[in-house]
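Shown next: protein-v4.txt, containing compact mmCIF, C-alpha atoms.
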```
# COMPACT_ATOMS: atom_id res chain seq x y z
CA MET A 1 21.53 20.73 0.19
CA ILE A 2 18.74 18.29 0.94
CA ALA A 3 16.74 20.99 2.76
CA VAL A 4 17.09 23.33 -0.23
CA LEU A 5 15.91 20.54 -2.56
CA LEU A 6 12.88 19.77 -0.38
CA VAL A 7 11.94 23.44 -0.23
CA GLY A 8 12.25 23.63 -4.01
CA LEU A 9 9.99 20.60 -4.48
CA LEU A 10 7.39 22.12 -2.16
CA LEU A 11 7.48 25.40 -4.06
CA ILE A 12 7.09 23.55 -7.39
CA ALA A 13 4.12 21.61 -6.01
CA ALA A 14 2.51 24.84 -4.78
CA ALA A 15 3.05 26.46 -8.18
CA VAL A 16 1.44 23.50 -9.97
CA ALA A 17 -1.54 23.60 -7.58
CA LEU A 18 -2.03 27.34 -8.07
CA PHE A 19 -1.78 26.93 -11.84
CA ALA A 20 -4.45 24.21 -11.78
CA ARG A 21 -6.59 26.44 -9.57
CA ALA A 22 -6.28 29.26 -12.09
CA LEU A 23 -7.34 26.95 -14.91
CA VAL A 24 -10.54 25.91 -13.18
CA ALA A 25 -11.47 29.27 -11.66
CA PRO A 26 -14.15 30.04 -14.33
CA ARG A 27 -15.74 26.64 -13.77
CA LEU A 28 -15.70 27.23 -10.03
CA ARG A 29 -17.63 30.48 -10.46
CA ALA A 30 -20.18 28.70 -12.67
CA ALA A 31 -20.56 25.91 -10.12
CA ASP A 32 -21.07 28.47 -7.36
CA THR A 33 -23.79 30.17 -9.41
CA LEU A 34 -25.55 26.85 -10.00
CA SER A 35 -25.31 25.94 -6.33
CA LYS A 36 -27.43 29.00 -5.48
CA ILE A 37 -30.41 27.23 -7.06
CA GLY A 38 -30.71 25.27 -3.83
CA ARG A 39 -31.74 28.44 -2.00
CA TYR A 40 -34.99 28.43 -3.99
CA GLY A 41 -35.95 24.91 -2.99
CA PHE A 42 -34.30 22.90 -5.78
CA SER A 43 -31.39 21.42 -3.90
CA THR A 44 -29.29 18.92 -5.84
CA VAL A 45 -27.05 17.68 -3.03
CA ALA A 46 -27.41 13.93 -2.44
CA GLU A 47 -28.02 12.71 1.07
CA SER A 48 -24.95 10.46 0.92
CA GLU A 49 -22.65 13.32 -0.12
CA THR A 50 -21.98 16.69 1.42
CA ALA A 51 -20.18 19.64 -0.07
CA PRO A 52 -16.40 19.09 0.13
CA VAL A 53 -14.62 21.26 2.65
CA GLY A 54 -11.03 21.89 3.60
CA LEU A 55 -8.34 20.27 1.47
CA ARG A 56 -10.86 18.29 -0.57
CA GLY A 57 -12.75 21.46 -1.38
CA PHE A 58 -9.55 22.72 -3.00
CA LEU A 59 -8.46 19.45 -4.63
CA ASP A 60 -11.80 18.41 -6.17
CA PRO A 61 -12.09 21.42 -8.55
CA ALA A 62 -8.38 21.20 -9.38
CA ALA A 63 -8.66 17.47 -10.17
CA LEU A 64 -11.78 18.13 -12.27
CA GLY A 65 -9.99 20.80 -14.31
CA ILE A 66 -6.92 18.62 -14.85
CA GLY A 67 -9.09 15.65 -15.78
CA ARG A 68 -11.05 17.69 -18.33
CA MET A 69 -7.90 19.10 -19.86
CA PHE A 70 -6.23 15.73 -20.35
CA THR A 71 -9.29 13.70 -21.34
CA ASP A 72 -10.34 16.24 -23.98
CA ARG A 73 -6.92 16.08 -25.59
CA LEU A 74 -5.67 12.55 -24.93
CA LYS A 75 -8.93 10.56 -24.64
CA LEU A 76 -7.76 8.77 -21.48
CA LEU A 77 -11.19 8.03 -20.06
CA ASP A 78 -14.01 5.59 -20.68
CA GLU A 79 -16.57 7.89 -19.09
CA GLU A 80 -19.56 5.55 -19.31
CA ARG A 81 -17.86 2.70 -17.46
CA LEU A 82 -16.44 4.98 -14.78
CA ARG A 83 -19.77 6.81 -14.39
CA LYS A 84 -21.52 3.48 -13.70
CA GLN A 85 -18.85 2.62 -11.16
CA LEU A 86 -19.28 5.98 -9.42
CA LEU A 87 -23.05 5.52 -9.28
CA THR A 88 -22.55 2.06 -7.80
CA ALA A 89 -20.23 3.56 -5.19
CA GLY A 90 -22.85 6.17 -4.27
CA MET A 91 -20.72 9.07 -5.57
CA TYR A 92 -23.59 10.62 -7.52
CA HIS A 93 -22.13 14.12 -7.87
CA THR A 94 -18.53 13.16 -8.62
CA PRO A 95 -17.77 13.55 -12.35
CA PRO A 96 -15.69 10.76 -13.94
CA ARG A 97 -13.09 13.31 -14.99
CA THR A 98 -12.46 14.16 -11.35
CA ILE A 99 -11.21 10.60 -10.81
CA ILE A 100 -8.90 10.94 -13.81
CA GLY A 101 -7.63 14.22 -12.38
CA TYR A 102 -6.89 12.52 -9.06
CA SER A 103 -5.14 9.70 -10.92
CA LEU A 104 -2.89 12.21 -12.68
CA LEU A 105 -2.22 14.09 -9.43
CA CYS A 106 -1.29 10.85 -7.65
CA ALA A 107 0.83 9.68 -10.61
CA VAL A 108 2.84 12.90 -10.28
CA GLY A 109 2.67 13.49 -6.53
CA PHE A 110 3.67 10.01 -5.31
CA PRO A 111 6.91 9.90 -7.39
CA THR A 112 7.75 13.44 -6.26
CA ILE A 113 7.49 12.43 -2.61
CA TRP A 114 9.48 9.27 -3.35
CA ILE A 115 12.29 11.24 -5.03
CA ALA A 116 12.53 13.52 -2.01
CA PHE A 117 12.68 10.50 0.30
CA ALA A 118 15.25 8.71 -1.89
CA ILE A 119 17.50 11.79 -1.90
CA ALA A 120 17.12 12.14 1.87
CA VAL A 121 18.17 8.54 2.57
CA GLY A 122 20.78 8.43 -0.19
CA LEU A 123 19.45 5.61 -2.39
CA LYS A 124 21.21 4.68 -5.61
CA PRO A 125 19.80 6.59 -8.61
CA ALA A 126 19.08 3.44 -10.65
CA LEU A 127 17.09 1.81 -7.86
CA ALA A 128 15.25 5.07 -7.11
CA ILE A 129 14.23 5.48 -10.78
CA ILE A 130 12.99 1.88 -11.07
CA LEU A 131 10.92 2.20 -7.90
CA MET A 132 9.66 5.60 -9.06
CA VAL A 133 8.12 3.98 -12.16
CA PHE A 134 6.24 1.45 -10.04
CA ILE A 135 5.13 4.16 -7.60
CA ALA A 136 3.85 6.30 -10.47
CA ALA A 137 1.83 3.33 -11.80
CA ALA A 138 0.47 2.69 -8.31
CA GLY A 139 -0.49 6.35 -8.00
CA TRP A 140 -2.36 6.22 -11.31
CA LEU A 141 -4.33 3.14 -10.21
CA THR A 142 -5.04 4.23 -6.63
CA PRO A 143 -8.16 6.45 -7.18
CA GLY A 144 -9.82 3.85 -9.41
CA PHE A 145 -9.05 1.13 -6.86
CA VAL A 146 -10.57 3.22 -4.06
CA VAL A 147 -13.76 3.78 -6.08
CA GLN A 148 -13.98 0.08 -6.92
CA ARG A 149 -13.56 -0.98 -3.28
CA ARG A 150 -16.18 1.53 -2.18
CA ALA A 151 -18.58 0.23 -4.84
CA GLU A 152 -18.05 -3.38 -3.74
CA ALA A 153 -18.61 -2.52 -0.07
CA ARG A 154 -21.78 -0.60 -0.93
CA LEU A 155 -23.16 -3.44 -3.07
CA TYR A 156 -22.52 -5.83 -0.19
CA ARG A 157 -24.51 -3.61 2.18
CA VAL A 158 -27.36 -3.33 -0.34
CA ASP A 159 -27.46 -7.11 -0.76
CA ARG A 160 -27.59 -7.71 2.99
CA ALA A 161 -30.41 -5.19 3.49
CA MET A 162 -32.67 -6.59 0.75
CA PRO A 163 -34.48 -9.23 2.93
CA GLU A 164 -35.47 -6.54 5.44
CA LEU A 165 -36.77 -4.38 2.59
CA ILE A 166 -38.86 -7.22 1.19
CA ASP A 167 -40.32 -8.01 4.63
CA LEU A 168 -41.35 -4.36 4.99
CA LEU A 169 -42.88 -4.38 1.49
CA VAL A 170 -44.80 -7.59 2.28
CA VAL A 171 -46.33 -6.06 5.40
CA THR A 172 -47.26 -2.78 3.69
CA VAL A 173 -48.61 -4.35 0.49
CA GLU A 174 -50.74 -6.86 2.39
CA ALA A 175 -52.00 -3.97 4.52
CA GLY A 176 -53.49 -2.40 1.39
CA LEU A 177 -50.82 -0.06 -0.01
CA SER A 178 -49.83 -0.09 -3.67
CA ILE A 179 -46.32 -1.13 -4.60
CA ALA A 180 -45.38 2.52 -5.29
CA GLY A 181 -46.70 3.59 -1.89
CA ALA A 182 -44.94 0.68 -0.20
CA ILE A 183 -41.62 1.63 -1.82
CA GLN A 184 -42.11 5.25 -0.74
CA LEU A 185 -42.79 4.21 2.85
CA ALA A 186 -39.76 1.89 2.81
CA GLY A 187 -37.58 4.69 1.44
CA GLU A 188 -38.63 6.96 4.32
CA ARG A 189 -37.96 4.30 6.95
CA MET A 190 -34.76 2.62 5.73
CA ARG A 191 -31.26 4.00 6.15
CA GLY A 192 -27.98 3.19 4.47
CA PRO A 193 -27.25 2.62 0.77
CA LEU A 194 -30.49 0.75 0.11
CA GLY A 195 -32.53 3.60 1.58
CA GLU A 196 -30.67 6.06 -0.67
CA GLU A 197 -31.45 3.94 -3.72
CA LEU A 198 -35.12 3.73 -2.79
CA ARG A 199 -35.32 7.50 -2.41
CA ILE A 200 -33.81 7.87 -5.89
CA VAL A 201 -36.45 5.45 -7.19
CA ILE A 202 -39.16 7.60 -5.57
CA ARG A 203 -37.78 10.78 -7.15
CA GLU A 204 -37.68 9.14 -10.57
CA GLN A 205 -41.32 8.12 -10.19
CA GLN A 206 -42.20 11.69 -9.24
CA MET A 207 -40.48 12.81 -12.44
CA GLY A 208 -42.79 10.61 -14.52
CA LEU A 209 -41.19 7.17 -14.73
CA THR A 210 -43.23 4.07 -13.98
CA PRO A 211 -42.30 1.98 -10.93
CA VAL A 212 -40.88 -0.76 -13.17
CA GLN A 213 -38.68 1.69 -15.10
CA ALA A 214 -37.41 3.26 -11.88
CA LEU A 215 -36.58 -0.19 -10.50
CA GLU A 216 -34.76 -1.08 -13.72
CA ASN A 217 -32.62 2.02 -13.26
CA MET A 218 -31.93 0.82 -9.72
CA VAL A 219 -30.60 -2.45 -11.16
CA GLY A 220 -28.25 -0.43 -13.35
CA ARG A 221 -26.87 1.34 -10.28
CA CYS A 222 -26.80 -1.75 -8.04
CA PRO A 223 -26.26 -4.87 -10.18
CA THR A 224 -26.46 -7.44 -7.37
CA PRO A 225 -28.29 -10.81 -7.50
CA ALA A 226 -30.73 -9.76 -4.77
CA VAL A 227 -31.72 -6.50 -6.49
CA GLU A 228 -32.05 -8.23 -9.86
CA SER A 229 -34.29 -10.93 -8.37
CA PHE A 230 -36.43 -8.29 -6.67
CA VAL A 231 -36.90 -6.22 -9.84
CA ARG A 232 -37.56 -9.29 -11.96
CA ALA A 233 -40.25 -10.44 -9.51
CA MET A 234 -41.85 -6.98 -9.58
CA MET A 235 -41.87 -6.94 -13.37
CA GLN A 236 -43.45 -10.39 -13.55
CA GLY A 237 -46.07 -9.44 -10.99
CA GLN A 238 -46.97 -6.26 -12.90
CA ALA A 239 -47.05 -8.04 -16.28
CA LEU A 240 -48.91 -11.22 -15.30
CA GLY A 241 -51.17 -9.81 -12.60
CA PHE A 242 -50.00 -12.08 -9.79
CA SER A 243 -50.35 -11.20 -6.13
CA VAL A 244 -47.40 -8.97 -5.32
CA GLY A 245 -47.56 -9.88 -1.63
CA GLN A 246 -47.19 -13.60 -2.35
CA ILE A 247 -44.35 -12.97 -4.79
CA LEU A 248 -42.52 -10.86 -2.22
CA ARG A 249 -43.02 -13.45 0.50
CA THR A 250 -41.55 -16.17 -1.71
CA LEU A 251 -38.70 -13.86 -2.69
CA ALA A 252 -37.89 -13.13 0.98
CA VAL A 253 -37.55 -16.86 1.68
CA GLU A 254 -35.33 -17.28 -1.37
CA MET A 255 -33.06 -14.40 -0.36
CA ARG A 256 -32.62 -15.73 3.15
CA LYS A 257 -31.68 -19.12 1.71
CA ARG A 258 -29.18 -17.36 -0.53
CA ARG A 259 -27.72 -15.48 2.44
CA ARG A 260 -27.36 -18.72 4.39
CA ALA A 261 -25.66 -20.39 1.42
CA SER A 262 -23.29 -17.41 1.15
CA ALA A 263 -22.47 -17.67 4.87
CA GLU A 264 -21.77 -21.40 4.50
CA GLN A 265 -19.54 -20.70 1.51
CA GLN A 266 -17.55 -18.14 3.50
CA ALA A 267 -17.25 -20.62 6.37
CA GLN A 268 -15.86 -23.26 3.99
CA LYS A 269 -13.26 -20.76 2.76
CA ALA A 270 -12.10 -20.00 6.31
CA PRO A 271 -9.70 -23.02 6.68
CA ILE A 272 -7.93 -22.10 3.42
CA LYS A 273 -7.59 -18.45 4.50
CA MET A 274 -6.25 -19.52 7.90
CA LEU A 275 -3.66 -21.83 6.34
CA PHE A 276 -1.12 -19.17 5.34
CA PRO A 277 -0.96 -17.25 8.66
CA LEU A 278 -0.92 -20.60 10.44
CA ILE A 279 2.10 -21.82 8.46
CA PHE A 280 4.11 -18.60 8.32
CA MET A 281 3.28 -17.03 11.71
CA ILE A 282 1.96 -19.54 14.23
CA PHE A 283 3.90 -22.71 13.40
CA PRO A 284 7.36 -21.05 13.56
CA ALA A 285 6.59 -19.66 17.03
CA MET A 286 5.30 -23.06 18.18
CA PHE A 287 8.43 -24.79 16.86
CA VAL A 288 10.65 -22.29 18.68
CA VAL A 289 8.78 -22.81 21.96
CA LEU A 290 8.48 -26.60 21.71
CA LEU A 291 11.70 -27.61 19.97
CA GLY A 292 13.97 -24.83 21.23
CA PRO A 293 14.76 -26.40 24.65
CA ALA A 294 15.17 -29.84 23.06
CA LEU A 295 17.62 -28.49 20.47
CA VAL A 296 19.62 -26.73 23.19
CA SER A 297 19.83 -29.99 25.19
CA VAL A 298 20.92 -31.95 22.10
CA PHE A 299 23.53 -29.29 21.30
CA HIS A 300 24.99 -29.46 24.83
CA ALA A 301 24.96 -33.28 24.78
CA LEU A 302 26.82 -33.42 21.45
CA LYS A 303 29.24 -30.78 22.63
CA GLY A 304 29.94 -32.74 25.85
```
Represent the supplied structure as structure tokens.
Amino acid sequence: MIAVLLVGLLLIAAAVALFARALVAPRLRAADTLSKIGRYGFSTVAESETAPVGLRGFLDPAALGIGRMFTDRLKLLDEERLRKQLLTAGMYHTPPRTIIGYSLLCAVGFPTIWIAFAIAVGLKPALAIILMVFIAAAGWLTPGFVVQRRAEARLYRVDRAMPELIDLLVVTVEAGLSIAGAIQLAGERMRGPLGEELRIVIREQQMGLTPVQALENMVGRCPTPAVESFVRAMMQGQALGFSVGQILRTLAVEMRKRRRASAEQQAQKAPIKMLFPLIFMIFPAMFVVLLGPALVSVFHALKG
């Protein structure tokens, strides 16, 4: 009976997936046509993202179609907020509605797997239904949580790489390059999230934006204290005519002081973070090792 039920659930899941695939087939053909533009030298694939393959290549279009269908009818999505979060996470070519589609798929798929497991182990129906509600809520929140964690990790890497960027800009600007040329050279040399952001800044300048406008857009994608301080210093230097090299040198010193203060703050938090594993994991083992023989001796003495 259980095997028949599991096979039925798998067939239902396959039918839902094929139905979603059929819904988004026209959009897939349009996306394939647009992707051919890259053959003529106008590639739109970001360096941080490659074309999805395998299971993701099947799920991404399905999630996009489901997300479009539900958001158009139910207005479940604040696209602007989620788009900013995706840009911060470096997911430049992932539409916000794809995340909503994944949320809906997880909100349906996780409870389905849980029901199959609950039937297999023989849980009580009331308990299985209550846990299914929590699992469905967790499935709905999981894609957004993954995007948020990826954005936070990327912002942390950008913040840590900013002093190296400013040192490189100081050397190149004092060697005679303009700030635009220095940023272009830094974008070619640097790797990681900060290098990707600099290359976007360079492309925006090539499209006609001024260096200050391109850097302001960078702040919108990476709203960290280090990036904001850097852009503010550049704007002040451009507006007031100060020496950019001296401003950058002062900013590098300030950022290193900020990094040291952040490291000291993390070090001060370490005892508090160590307190809970110390109390609940280490102290019980120490008490067993130290007091165990003494308690056995006391027990035998009282018994005698």
Using all atoms listed in the file, which protein or nucleic acid residues come within 10 Å of segment 149-159 of chain A? Drop anything in the same chain fewer than 2 positions from it, and give the result as an MDAnalysis selection string.
chainID A and resid 84:91 143:147 161:163 165 192:197 221:227 255 259
Using only C-alpha atoms, which of A:Val133, A:Arg68, A:Arg160, A:Ile113 sits nearest Ala263 of chain A?
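Residue with the minimum atom-to-atom distance to Ala263 of chain A: A:Arg160.
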Do you have the atom CA of Glu188 of chain A-atom CA of Val170 of chain A distance handy?
15.9 Å
Can you work out which one of A:Gly139, A:Gly65, A:Pro293, A:Gly245 has the shortest atom-to-atom distance to Pro111 of chain A, counting only C-alpha atoms?
A:Gly139
Atom-to-atom span, atom CA of Leu169 of chain A and atom CA of Ala182 of chain A, Å:
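Between atom CA of Leu169 of chain A and atom CA of Ala182 of chain A the gap works out to 5.7 Å.
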d(atom CA of Ile66 of chain A, atom CA of Gly101 of chain A) in Å
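So the two atoms, atom CA of Ile66 of chain A and atom CA of Gly101 of chain A, lie 5.1 Å apart.
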Pick out the closest residue to Leu64 of chain A from this set: A:Arg260, A:Arg81, A:His93, A:Lys124. Count only C-alpha atoms.
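The closest residue to Leu64 of chain A is A:His93.
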From A:Ile130, A:Val219, A:Ile119, A:Ala180, residue lying nearest Arg203 of chain A [all atoms listed in the file]
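Closest to Arg203 of chain A of all the choices is A:Ala180.
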Just checking: using all atoms listed in the file, which residue out of A:Phe110, A:Phe276, A:Tyr92, A:Phe287 ends up closest to Ala136 of chain A?
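Among the listed residues, A:Phe110 lies closest to Ala136 of chain A.
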Distance cut-off 9 Å, centre (-35.5, 2.6, -6.6) in file coordinates, counting only C-alpha atoms: which residues qualify? Return them as a list of chain:residue names.
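Final list of nearby residues, as requested, is A:Ile183, A:Gly187, A:Leu194, A:Gly195, A:Glu196, A:Glu197, A:Leu198, A:Arg199, A:Ile200, A:Val201, A:Ile202, A:Arg203, A:Glu204, A:Gln205, A:Pro211, A:Ala214, A:Leu215, A:Glu216, A:Asn217, A:Met218, A:Val219.
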Given the choices A:Ile166, A:Ile279, A:Ala120, A:Ile100, which gets closest to Val253 of chain A if the distance is worked out from all atoms listed in the file?
A:Ile166
Starting from the incomplete input, reconstruct N, CA and C atoms of segment 112-125 of chain A and report them as a PDB file, in the frame of the given file.
```pdb
ATOM      1  N   THR A 112       7.053  12.268  -6.791  1.00  0.00           N
ATOM      2  CA  THR A 112       7.750  13.440  -6.260  1.00  0.00           C
ATOM      3  C   THR A 112       8.134  13.229  -4.790  1.00  0.00           C
ATOM      4  N   ILE A 113       7.187  12.718  -4.020  1.00  0.00           N
ATOM      5  CA  ILE A 113       7.490  12.430  -2.610  1.00  0.00           C
ATOM      6  C   ILE A 113       8.560  11.349  -2.496  1.00  0.00           C
ATOM      7  N   TRP A 114       8.485  10.354  -3.391  1.00  0.00           N
ATOM      8  CA  TRP A 114       9.480   9.270  -3.350  1.00  0.00           C
ATOM      9  C   TRP A 114      10.875   9.786  -3.687  1.00  0.00           C
ATOM     10  N   ILE A 115      10.972  10.690  -4.668  1.00  0.00           N
ATOM     11  CA  ILE A 115      12.290  11.240  -5.030  1.00  0.00           C
ATOM     12  C   ILE A 115      12.876  12.011  -3.851  1.00  0.00           C
ATOM     13  N   ALA A 116      12.034  12.794  -3.184  1.00  0.00           N
ATOM     14  CA  ALA A 116      12.530  13.520  -2.010  1.00  0.00           C
ATOM     15  C   ALA A 116      13.009  12.566  -0.928  1.00  0.00           C
ATOM     16  N   PHE A 117      12.269  11.484  -0.711  1.00  0.00           N
ATOM     17  CA  PHE A 117      12.680  10.500   0.300  1.00  0.00           C
ATOM     18  C   PHE A 117      13.963   9.794  -0.123  1.00  0.00           C
ATOM     19  N   ALA A 118      14.046   9.416  -1.416  1.00  0.00           N
ATOM     20  CA  ALA A 118      15.250   8.710  -1.890  1.00  0.00           C
ATOM     21  C   ALA A 118      16.482   9.589  -1.758  1.00  0.00           C
ATOM     22  N   ILE A 119      16.356  10.887  -2.051  1.00  0.00           N
ATOM     23  CA  ILE A 119      17.500  11.790  -1.900  1.00  0.00           C
ATOM     24  C   ILE A 119      17.862  11.938  -0.427  1.00  0.00           C
ATOM     25  N   ALA A 120      16.851  11.968   0.436  1.00  0.00           N
ATOM     26  CA  ALA A 120      17.120  12.140   1.870  1.00  0.00           C
ATOM     27  C   ALA A 120      17.873  10.950   2.451  1.00  0.00           C
ATOM     28  N   VAL A 121      17.510   9.734   2.025  1.00  0.00           N
ATOM     29  CA  VAL A 121      18.170   8.540   2.570  1.00  0.00           C
ATOM     30  C   VAL A 121      19.387   8.121   1.772  1.00  0.00           C
ATOM     31  N   GLY A 122      19.589   8.723   0.604  1.00  0.00           N
ATOM     32  CA  GLY A 122      20.780   8.430  -0.190  1.00  0.00           C
ATOM     33  C   GLY A 122      20.709   7.141  -0.969  1.00  0.00           C
ATOM     34  N   LEU A 123      19.564   6.818  -1.578  1.00  0.00           N
ATOM     35  CA  LEU A 123      19.450   5.610  -2.390  1.00  0.00           C
ATOM     36  C   LEU A 123      20.202   5.778  -3.706  1.00  0.00           C
ATOM     37  N   LYS A 124      20.544   4.640  -4.314  1.00  0.00           N
ATOM     38  CA  LYS A 124      21.210   4.680  -5.610  1.00  0.00           C
ATOM     39  C   LYS A 124      20.236   5.206  -6.674  1.00  0.00           C
ATOM     40  N   PRO A 125      20.714   6.007  -7.607  1.00  0.00           N
ATOM     41  CA  PRO A 125      19.800   6.590  -8.610  1.00  0.00           C
ATOM     42  C   PRO A 125      19.057   5.545  -9.436  1.00  0.00           C
TER      43      PRO A 125
END
```
